[in-house]
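See below for the structure under consideration.
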Amino acid sequence: MAGVRPTREDVGVRDRANWLVVAQFVLLALLLLPGAPLWAGQQATVLAVLLVITGLVLSGAGVVALGRDLVPWVAPREGATLRTDGVFRLTRNPIYVGLLIATAGWVIWRARIELIVVWVLLAVVLVVKAHLEQHRLLDRFGDEYREYADRTPLLLWARGIR
């Protein structure tokens, strides 16, 4: 029907791009695969701990900044406001960047080849998800988001909309 606004379920839950959310959580779970580390050492452990802490702090700051507007779906929550300050001045996706940093630390600490493969797949999923999300945010916030995207990297690179 013309003039009817989509519901949260229409925009979020039924969005075909949400398969990426499922893939993201499956890959995060796969990082818990058991196995003996292929290497070990104090330097690797220190680096791993620093990466995990840094990633968790960055992701946590993104979660706190979004508050009630945090959703797992690709589309933003109905009524959400665009966040452009705090940790969102560094990257448009601090939660994803933090997850990638923290899980890189985990992979270094666990030292398993298959976990490196899972981490690379997770990185691909999060990059694709970030690209899709930017278009949902552009649809929702228009020029305000475009201006924000022009000055802030999508993850750690790529300013602007692509």
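Letters A, B, ... go to the chains of the structure tokens in the order shown; residues in each chain start at 1; ligands are counted from 1 in the same order.
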
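All residues of protein, DNA or RNA that reach within 7 Å of range 37-52 of chain A, judged by only C-alpha atoms and not counting those fewer than 5 positions away in the chain, are Ile101, Ala102, Thr103, Gly105, Trp106, Ile108, Trp109, Arg110, Ala111 and Arg112 of chain A.
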
Could those residues be written to a file, using all heavy atoms, as a tab-separated table (two decimals), in the first residue's frame?
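For reference, out09.tsv as written:
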chain	number	residue	atom	x	y	z
A	101	ILE	N	39.47	-6.72	15.72
A	101	ILE	CA	40.70	-6.60	16.52
A	101	ILE	C	40.72	-7.65	17.64
A	101	ILE	O	41.71	-8.35	17.83
A	101	ILE	CB	40.85	-5.18	17.09
A	101	ILE	CG1	41.10	-4.18	15.95
A	101	ILE	CG2	41.98	-5.11	18.12
A	101	ILE	CD1	41.01	-2.73	16.37
A	102	ALA	N	39.61	-7.76	18.36
A	102	ALA	CA	39.54	-8.71	19.48
A	102	ALA	C	39.68	-10.15	19.00
A	102	ALA	O	40.42	-10.95	19.59
A	102	ALA	CB	38.24	-8.53	20.25
A	103	THR	N	39.00	-10.48	17.90
A	103	THR	CA	39.08	-11.86	17.41
A	103	THR	C	40.45	-12.15	16.80
A	103	THR	O	40.91	-13.29	16.83
A	103	THR	CB	37.94	-12.19	16.43
A	103	THR	OG1	37.92	-11.23	15.37
A	103	THR	CG2	36.59	-12.21	17.14
A	105	GLY	N	43.19	-11.03	18.08
A	105	GLY	CA	43.94	-11.39	19.29
A	105	GLY	C	43.65	-12.81	19.73
A	105	GLY	O	44.57	-13.57	20.09
A	106	TRP	N	42.39	-13.19	19.69
A	106	TRP	CA	42.00	-14.56	20.05
A	106	TRP	C	42.69	-15.58	19.14
A	106	TRP	O	43.21	-16.59	19.61
A	106	TRP	CB	40.48	-14.69	19.96
A	106	TRP	CG	39.97	-16.07	20.20
A	106	TRP	CD1	39.62	-16.99	19.25
A	106	TRP	CD2	39.77	-16.71	21.46
A	106	TRP	NE1	39.20	-18.16	19.84
A	106	TRP	CE2	39.28	-18.01	21.20
A	106	TRP	CE3	39.95	-16.31	22.78
A	106	TRP	CZ2	38.97	-18.90	22.22
A	106	TRP	CZ3	39.64	-17.21	23.79
A	106	TRP	CH2	39.16	-18.49	23.50
A	108	ILE	N	45.46	-15.21	17.42
A	108	ILE	CA	46.89	-15.25	17.73
A	108	ILE	C	47.13	-16.09	18.98
A	108	ILE	O	48.05	-16.90	19.03
A	108	ILE	CB	47.45	-13.82	17.90
A	108	ILE	CG1	47.51	-13.12	16.55
A	108	ILE	CG2	48.83	-13.83	18.56
A	108	ILE	CD1	47.77	-11.63	16.63
A	109	TRP	N	46.30	-15.92	19.99
A	109	TRP	CA	46.47	-16.67	21.23
A	109	TRP	C	46.19	-18.16	21.03
A	109	TRP	O	46.92	-19.01	21.53
A	109	TRP	CB	45.55	-16.09	22.31
A	109	TRP	CG	45.69	-16.79	23.62
A	109	TRP	CD1	46.79	-16.82	24.43
A	109	TRP	CD2	44.70	-17.58	24.26
A	109	TRP	NE1	46.53	-17.58	25.55
A	109	TRP	CE2	45.24	-18.06	25.46
A	109	TRP	CE3	43.38	-17.92	23.94
A	109	TRP	CZ2	44.54	-18.86	26.34
A	109	TRP	CZ3	42.67	-18.71	24.81
A	109	TRP	CH2	43.26	-19.18	26.01
A	110	ARG	N	45.14	-18.48	20.26
A	110	ARG	CA	44.78	-19.89	20.04
A	110	ARG	C	45.69	-20.56	19.03
A	110	ARG	O	45.81	-21.78	19.02
A	110	ARG	CB	43.31	-20.00	19.60
A	110	ARG	CG	42.31	-19.56	20.66
A	110	ARG	CD	42.21	-20.52	21.81
A	110	ARG	NE	41.75	-21.79	21.29
A	110	ARG	CZ	42.29	-22.96	21.59
A	110	ARG	NH1	43.26	-23.05	22.45
A	110	ARG	NH2	41.83	-24.06	21.05
A	111	ALA	N	46.28	-19.81	18.12
A	111	ALA	CA	47.31	-20.30	17.20
A	111	ALA	C	46.89	-21.54	16.42
A	111	ALA	O	47.56	-22.57	16.45
A	111	ALA	CB	48.61	-20.55	17.96
A	112	ARG	N	45.77	-21.43	15.70
A	112	ARG	CA	45.28	-22.54	14.89
A	112	ARG	C	45.05	-22.04	13.46
A	112	ARG	O	44.44	-21.00	13.26
A	112	ARG	CB	43.96	-23.09	15.44
A	112	ARG	CG	43.99	-23.56	16.88
A	112	ARG	CD	44.70	-24.84	17.09
A	112	ARG	NE	44.18	-25.86	16.19
A	112	ARG	CZ	44.86	-26.94	15.88
A	112	ARG	NH1	46.05	-27.16	16.39
A	112	ARG	NH2	44.35	-27.82	15.06

Next item on the list: Taking the DSSP assignment computed from this structure's backbone, write out as a VMD selection string all residues of chain A that belong to alpha helix (DSSP H).
Entry: chain A and resid 8 19 to 30 42 to 66 94 to 110 113 to 141 143 to 151

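For the residues A:Trp157, A:Val128, A:Ala104, A:Gly62, ranking by smallest atom-to-atom distance to Gly86 in chain A using only C-alpha atoms places A:Gly62 first.
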
Check: Taking into account only C-alpha atoms, which residue in the set A:Ala61, A:Val26, A:Leu132, A:Arg140 is nearest to Thr81 in chain A?
Finding: A:Arg140

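Between Glu114 in chain A and the residues A:Leu100, A:Leu27, A:Trp19, A:Leu58, the shortest atom-to-atom distance, using only C-alpha atoms, involves A:Leu27.
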
Note to self: With only C-alpha atoms as the counted atoms, please give the residues lying no more than 12 Å from Ile113 in chain A, apart from itself and same-chain residues fewer than 6 positions off, as a PyMOL selection string.
What the structure shows: chain A and resi 31+33-39+107+119-120

Got time to write the residues from that selection, N, CA, C and O atoms, as a PDB file, in the first residue's frame?
ATOM      1  N   LEU A  31      35.107 -19.747  16.043  1.00  0.00           N
ATOM      2  CA  LEU A  31      36.388 -19.351  16.631  1.00  0.00           C
ATOM      3  C   LEU A  31      36.668 -20.094  17.942  1.00  0.00           C
ATOM      4  O   LEU A  31      37.785 -20.075  18.440  1.00  0.00           O
ATOM      5  N   LEU A  33      36.502 -23.315  18.205  1.00  0.00           N
ATOM      6  CA  LEU A  33      36.910 -24.686  17.899  1.00  0.00           C
ATOM      7  C   LEU A  33      38.079 -25.104  18.790  1.00  0.00           C
ATOM      8  O   LEU A  33      39.025 -24.338  18.974  1.00  0.00           O
ATOM      9  N   PRO A  34      38.016 -26.320  19.328  1.00  0.00           N
ATOM     10  CA  PRO A  34      39.109 -26.769  20.193  1.00  0.00           C
ATOM     11  C   PRO A  34      40.324 -27.209  19.389  1.00  0.00           C
ATOM     12  O   PRO A  34      40.240 -27.452  18.191  1.00  0.00           O
ATOM     13  N   GLY A  35      41.422 -27.320  20.062  1.00  0.00           N
ATOM     14  CA  GLY A  35      42.642 -27.808  19.434  1.00  0.00           C
ATOM     15  C   GLY A  35      43.857 -27.214  20.113  1.00  0.00           C
ATOM     16  O   GLY A  35      43.794 -26.126  20.684  1.00  0.00           O
ATOM     17  N   ALA A  36      44.936 -27.931  20.033  1.00  0.00           N
ATOM     18  CA  ALA A  36      46.177 -27.470  20.634  1.00  0.00           C
ATOM     19  C   ALA A  36      46.791 -26.378  19.762  1.00  0.00           C
ATOM     20  O   ALA A  36      46.782 -26.481  18.537  1.00  0.00           O
ATOM     21  N   PRO A  37      47.321 -25.334  20.386  1.00  0.00           N
ATOM     22  CA  PRO A  37      47.965 -24.263  19.609  1.00  0.00           C
ATOM     23  C   PRO A  37      49.170 -24.789  18.834  1.00  0.00           C
ATOM     24  O   PRO A  37      49.874 -25.690  19.281  1.00  0.00           O
ATOM     25  N   LEU A  38      49.399 -24.211  17.653  1.00  0.00           N
ATOM     26  CA  LEU A  38      50.547 -24.606  16.841  1.00  0.00           C
ATOM     27  C   LEU A  38      51.811 -23.886  17.270  1.00  0.00           C
ATOM     28  O   LEU A  38      52.898 -24.309  16.938  1.00  0.00           O
ATOM     29  N   TRP A  39      51.657 -22.789  17.976  1.00  0.00           N
ATOM     30  CA  TRP A  39      52.801 -22.060  18.512  1.00  0.00           C
ATOM     31  C   TRP A  39      52.378 -21.440  19.829  1.00  0.00           C
ATOM     32  O   TRP A  39      51.200 -21.299  20.115  1.00  0.00           O
ATOM     33  N   VAL A 107      42.697 -15.295  17.837  1.00  0.00           N
ATOM     34  CA  VAL A 107      43.313 -16.206  16.869  1.00  0.00           C
ATOM     35  C   VAL A 107      44.818 -16.318  17.116  1.00  0.00           C
ATOM     36  O   VAL A 107      45.387 -17.411  17.056  1.00  0.00           O
ATOM     37  N   TRP A 119      38.671 -16.401  10.788  1.00  0.00           N
ATOM     38  CA  TRP A 119      38.803 -14.953  11.004  1.00  0.00           C
ATOM     39  C   TRP A 119      38.730 -14.199   9.675  1.00  0.00           C
ATOM     40  O   TRP A 119      38.075 -13.163   9.582  1.00  0.00           O
ATOM     41  N   VAL A 120      39.380 -14.714   8.653  1.00  0.00           N
ATOM     42  CA  VAL A 120      39.326 -14.062   7.331  1.00  0.00           C
ATOM     43  C   VAL A 120      37.886 -14.048   6.812  1.00  0.00           C
ATOM     44  O   VAL A 120      37.414 -13.035   6.290  1.00  0.00           O
TER      45      VAL A 120
END

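Here CA of Asp139 in chain A and CA of Leu82 in chain A stand 12.0 Å from one another.
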
Item checked: Residue among A:Asp15, A:Gly142, A:Gln134, A:Pro94 lying closest to Gly160 in chain A, counting only C-alpha atoms -> A:Gln134

Notebook entry, point to check: Hey, what's within 7 Å of Lys129 in chain A if we count only C-alpha atoms and toss same-chain stuff fewer than 4 positions away? As an MDAnalysis selection string, please?
Noted result: chainID A and resid 20 74 125 133

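Look at Leu121 in chain A: the protein and nucleic acid residues within 10 Å of it, using only C-alpha atoms and passing over chain neighbours fewer than 4 places away, are Ala23, Gln24, Leu27, Leu115, Ile116, Val117, Val125, Leu126 and Val127 of chain A.
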
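As for CA of Ala123 in chain A and CA of Leu66 in chain A, they are spaced 21.7 Å apart.
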
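Nearest-residue note for Leu99 in chain A: choosing from A:Ile53, A:Ala65, A:Ala17, A:Ala75, the minimum distance belongs to A:Ile53, counting only C-alpha atoms.
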
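The coordinates place CA of Arg68 in chain A at 27.7 Å from CA of Arg162 in chain A.
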